[in-house]
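Data block below; observations after.
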Amino acid sequence: MASQKFAKLCSLSDFGWMLWLLICLVYPMILVESAHEMEVVNTTVDPRLRNSAKFKNIHKHLSTLNKPAVMSIESPDGDIIDCVARHQQIAFDHLLLKNHKLQTEGPSVWPVNKAANASGSQRIQQLWHQNGRCPENTVPVRRTTVADVLRSGSKRRYGRKPRASLIQIPLPQAQPVSSASHEHAIAYAIGNQYYGARASINVWKPTINMPYEFSLSQIWLLAGSFDGDLNTIEAGWQVSPELYGDTSPRLFTYWTSDAYQTTGCYDLGCSGFIQLTNDLAIGAAISPVSSLGGSQFDIQILIWKDLATSNWWMLLGDNTLVGYWPKELFTHLTVAANMVQWGGEIVNTNPSGHHTSTQMGSGQFPSGGFERASYFRNLAYVDASYQLLPQINLHAQAEHPNCYGIKLSYNTAWGNYFFYGGPGLNANCP
């Protein structure tokens, strides 16, 4: 009703047009701020929980996560995007970043030939752009809600991957699929020092079988050991009803410095990653999305270490410098990565005693090929001389190839590439 009145009001032009223009600009922001204040009332929560210590504890946590906004934008998909001053973003709450100087000037070193075999990837769109943009010197941050935290089970678990996310190389002898196991189909490079990695990642909207399962496609840079001090930097897209409350593919980042035990998180769900762009919200939905037998869309991600500062930067497409992971977060990645992985990951909760039907990628096996199977293309890594090298000695790994597979290939247009994914539950994956 309020929005209908607002639309009618903003269509009037008979008198006082300056006054109406002011109202039309300011009123949407008032509505969003009012929604923020009334979040407790509007969140679908058991009324008995509202006055509980847990509920109050969550709200206290949200006051830390959701920083004061210069302005807020309501997205058509229900997200609230807060435009937060760069220097006030949550990253600077991290104890190791108290004396960190914000790198507003960007990286001092770029990969020498980053344009070689460049993407041709389409510029991604985010729904919240329909209702506004964040001003210069602010960063768009998806507002965390009570419902977000409640879906995760606790504020400690919110935005974190479990240790089960690890895929060890070489893969241990195959074991029966256990409850809530993580399954992968990846390509990887190992045996050198890696100062960055790149790929163009096909974007789909895979079906998720159960609310606490997810499907993602990403780049991993890893250093350290799988026993407990593993450092990772990760970025890609994922569908995660638990984390985001819907089934839209969303841009994400991740990091950990202790093998997913106590450090790190998705997106800006904790202090760590420092965002610079005012154009994209990490954790917000992305489009367009590919279709079977139809148009194909992908996003190019390049991550590399700045030689001068040892910070790790993320570039999306050819021009969007998203931000960086500060060197202070890491132990082993202050030097270089010793492995790069590209590919997909899903969670299998074994619903009803069977393998999940959560899809990886497009939900089709690699044999489907272009327009059916999901792909990574133009794989490359950054070497010690900061050359972006497409010549990679790639290996492939999938724990359960009858559920989700991978097929490596090469051509002059796509360089090193692979098709990957699958439907999960099928006659050969019971």
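Each chain of the structure tokens is named A, B, ... in the order shown, its residues numbered from 1; ligands are numbered from 1 in display order.
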Per residue of segment 259-321 of chain A within 6 Å of segment 196-211 of chain A, note the shortest atom pair and the distance in Å to one decimal, counting only C-alpha atoms, and order the rows by chain and increasing residue number, as a Markdown table.
```
| residue | atom | partner | partner_atom | distance |
| --- | --- | --- | --- | --- |
| A:Val289 | CA | A:Trp204 | CA | 5.2 |
| A:Ser290 | CA | A:Trp204 | CA | 5.2 |
| A:Phe297 | CA | A:Asn202 | CA | 5.8 |
| A:Asp298 | CA | A:Asn202 | CA | 4.1 |
| A:Ile299 | CA | A:Ile201 | CA | 5.3 |
| A:Gln300 | CA | A:Ser200 | CA | 4.0 |
| A:Ile301 | CA | A:Arg198 | CA | 5.6 |
| A:Leu302 | CA | A:Arg198 | CA | 4.3 |
| A:Ile303 | CA | A:Gly196 | CA | 5.2 |
| A:Trp304 | CA | A:Gly196 | CA | 3.8 |
```
(request) Compile the contact shell of Val70 of chain A as a PyMOL selection string: residues with an atom at most 10 Å away, counting only C-alpha atoms, same-chain residues fewer than 3 positions apart removed. (result) chain A and resi 67+82-85+134-135+138-139
(request) Counting only C-alpha atoms, figure out which residue out of A:Gly224, A:Gly323, A:Pro401, A:Gly269 gets nearest to Ile186 of chain A. (result)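 Checking each of A:Gly224, A:Gly323, A:Pro401, A:Gly269 against Ile186 of chain A, counting only C-alpha atoms, the winner is A:Pro401.
A straight line drawn from atom CA of Ile233 of chain A to atom CA of Ser409 of chain A is 25.2 Å long.
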(request) Find, counting only C-alpha atoms, the residue in A:Ser152, A:Asn231, A:Ser385, A:Gln103 that gets nearest to Pro326 of chain A. (result) A:Gln103
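Picture a line from atom CA of Leu222 of chain A to atom CA of Ser374 of chain A; it runs 23.6 Å.
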(request) Could you find all residues in segment 222-259 of chain A that DSSP calls strand (DSSP E or B) from the backbone, and write them as a count of residues only? (result) 18
Would you mind listing what lies within 9 Å of Ile80 of chain A as an mmCIF file with N, CA, C and O atoms, in the first residue's frame, with only C-alpha atoms counted and same-chain residues fewer than 6 positions away left out?
```cif
data_model
loop_
_atom_site.group_PDB
_atom_site.id
_atom_site.type_symbol
_atom_site.label_atom_id
_atom_site.label_comp_id
_atom_site.auth_asym_id
_atom_site.auth_seq_id
_atom_site.Cartn_x
_atom_site.Cartn_y
_atom_site.Cartn_z
ATOM 1 N N VAL A 32 13.360 2.136 3.622
ATOM 2 C CA VAL A 32 14.375 1.117 3.877
ATOM 3 C C VAL A 32 14.866 1.191 5.308
ATOM 4 O O VAL A 32 15.023 0.182 5.994
ATOM 5 N N HIS A 36 14.642 -1.560 8.357
ATOM 6 C CA HIS A 36 15.766 -2.006 9.168
ATOM 7 C C HIS A 36 15.389 -2.004 10.641
ATOM 8 O O HIS A 36 15.628 -2.957 11.378
ATOM 9 N N SER A 72 20.849 3.259 1.942
ATOM 10 C CA SER A 72 20.483 1.858 1.791
ATOM 11 C C SER A 72 19.556 1.702 0.598
ATOM 12 O O SER A 72 18.740 2.582 0.311
ATOM 13 N N ILE A 73 19.681 0.574 -0.082
ATOM 14 C CA ILE A 73 18.926 0.313 -1.304
ATOM 15 C C ILE A 73 18.211 -1.020 -1.161
ATOM 16 O O ILE A 73 18.832 -2.036 -0.829
ATOM 17 N N GLU A 74 16.900 -1.021 -1.409
ATOM 18 C CA GLU A 74 16.124 -2.252 -1.339
ATOM 19 C C GLU A 74 16.117 -2.918 -2.703
ATOM 20 O O GLU A 74 15.691 -2.325 -3.700
ATOM 21 N N TRP A 128 19.816 -5.278 -7.370
ATOM 22 C CA TRP A 128 19.700 -4.057 -6.594
ATOM 23 C C TRP A 128 20.044 -2.822 -7.408
ATOM 24 O O TRP A 128 19.625 -1.708 -7.068
ATOM 25 N N VAL A 141 27.130 -3.446 0.714
ATOM 26 C CA VAL A 141 27.205 -4.610 1.603
ATOM 27 C C VAL A 141 25.801 -5.184 1.782
ATOM 28 O O VAL A 141 24.873 -4.466 2.180
ATOM 29 N N ARG A 142 25.644 -6.467 1.469
ATOM 30 C CA ARG A 142 24.355 -7.122 1.706
ATOM 31 C C ARG A 142 24.110 -7.204 3.202
ATOM 32 O O ARG A 142 24.894 -7.760 3.951
ATOM 33 N N ARG A 143 22.992 -6.633 3.649
ATOM 34 C CA ARG A 143 22.691 -6.599 5.076
ATOM 35 C C ARG A 143 22.372 -7.996 5.605
ATOM 36 O O ARG A 143 21.582 -8.738 5.027
ATOM 37 N N THR A 144 23.004 -8.372 6.705
ATOM 38 C CA THR A 144 22.738 -9.649 7.364
ATOM 39 C C THR A 144 21.507 -9.504 8.246
ATOM 40 O O THR A 144 21.361 -8.520 8.980
#
```
Which residues come within 12 Å of Gly106 of chain A, counting only C-alpha atoms, excluding same-chain residues fewer than 4 positions away, as an mmCIF file with N, CA and C atoms, in the first residue's frame?
```
data_model
loop_
_atom_site.group_PDB
_atom_site.id
_atom_site.type_symbol
_atom_site.label_atom_id
_atom_site.label_comp_id
_atom_site.auth_asym_id
_atom_site.auth_seq_id
_atom_site.Cartn_x
_atom_site.Cartn_y
_atom_site.Cartn_z
ATOM 1 N N LYS A 101 46.669 -0.035 6.465
ATOM 2 C CA LYS A 101 46.350 1.126 5.645
ATOM 3 C C LYS A 101 45.535 0.688 4.430
ATOM 4 N N LEU A 102 44.352 1.272 4.263
ATOM 5 C CA LEU A 102 43.476 0.939 3.150
ATOM 6 C C LEU A 102 44.174 1.240 1.821
ATOM 7 N N TRP A 110 50.444 -5.742 -11.472
ATOM 8 C CA TRP A 110 49.408 -6.519 -12.152
ATOM 9 C C TRP A 110 50.097 -7.631 -12.953
ATOM 10 N N ILE A 274 38.765 -7.012 2.288
ATOM 11 C CA ILE A 274 38.543 -5.570 2.171
ATOM 12 C C ILE A 274 38.019 -5.268 0.777
ATOM 13 N N GLN A 275 36.821 -4.713 0.711
ATOM 14 C CA GLN A 275 36.208 -4.394 -0.573
ATOM 15 C C GLN A 275 36.531 -2.960 -0.972
ATOM 16 N N LEU A 276 36.726 -2.755 -2.288
ATOM 17 C CA LEU A 276 36.965 -1.407 -2.810
ATOM 18 C C LEU A 276 35.883 -0.939 -3.772
ATOM 19 N N THR A 277 35.341 -1.845 -4.598
ATOM 20 C CA THR A 277 34.375 -1.427 -5.606
ATOM 21 C C THR A 277 33.074 -0.949 -4.969
ATOM 22 N N LYS A 305 48.682 -12.047 -6.184
ATOM 23 C CA LYS A 305 49.380 -11.432 -5.063
ATOM 24 C C LYS A 305 50.143 -10.195 -5.526
ATOM 25 N N ASP A 306 50.007 -9.108 -4.763
ATOM 26 C CA ASP A 306 50.748 -7.881 -5.032
ATOM 27 C C ASP A 306 52.166 -8.052 -4.490
ATOM 28 N N ALA A 308 54.524 -5.961 -3.925
ATOM 29 C CA ALA A 308 55.011 -4.953 -2.982
ATOM 30 C C ALA A 308 54.393 -5.105 -1.595
ATOM 31 N N THR A 309 53.093 -5.434 -1.535
ATOM 32 C CA THR A 309 52.382 -5.450 -0.249
ATOM 33 C C THR A 309 52.082 -6.853 0.262
ATOM 34 N N ASN A 311 49.444 -8.381 -0.380
ATOM 35 C CA ASN A 311 47.995 -8.535 -0.362
ATOM 36 C C ASN A 311 47.572 -9.298 -1.620
ATOM 37 N N TRP A 312 46.436 -10.020 -1.525
ATOM 38 C CA TRP A 312 45.918 -10.789 -2.649
ATOM 39 C C TRP A 312 44.678 -10.088 -3.210
ATOM 40 N N TRP A 313 44.749 -9.706 -4.492
ATOM 41 C CA TRP A 313 43.701 -8.910 -5.129
ATOM 42 C C TRP A 313 42.753 -9.773 -5.955
ATOM 43 N N MET A 314 41.521 -9.270 -6.117
ATOM 44 C CA MET A 314 40.512 -9.950 -6.935
ATOM 45 C C MET A 314 39.968 -8.992 -7.980
ATOM 46 N N LEU A 315 40.061 -9.421 -9.239
ATOM 47 C CA LEU A 315 39.519 -8.676 -10.374
ATOM 48 C C LEU A 315 38.384 -9.487 -10.974
ATOM 49 N N THR A 320 36.621 -4.629 -13.108
ATOM 50 C CA THR A 320 36.106 -4.405 -11.756
ATOM 51 C C THR A 320 37.068 -4.953 -10.712
ATOM 52 N N LEU A 321 37.795 -4.035 -10.070
ATOM 53 C CA LEU A 321 38.700 -4.409 -8.988
ATOM 54 C C LEU A 321 37.859 -4.520 -7.718
ATOM 55 N N VAL A 322 37.537 -5.755 -7.335
ATOM 56 C CA VAL A 322 36.587 -5.982 -6.242
ATOM 57 C C VAL A 322 37.179 -5.573 -4.898
ATOM 58 N N GLY A 323 38.411 -5.986 -4.611
ATOM 59 C CA GLY A 323 39.049 -5.695 -3.341
ATOM 60 C C GLY A 323 40.203 -6.652 -3.112
ATOM 61 N N TYR A 324 40.566 -6.866 -1.839
ATOM 62 C CA TYR A 324 41.734 -7.708 -1.574
ATOM 63 C C TYR A 324 41.660 -8.377 -0.205
#
```
(request) Identify which of the residues A:Gly369, A:Gly191, A:Pro430, A:Pro351 lies closest to Ala337 of chain A, counting only C-alpha atoms when measuring atom-to-atom distances. (result)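 When distances to Ala337 of chain A are compared using only C-alpha atoms, the smallest one comes from A:Gly191.
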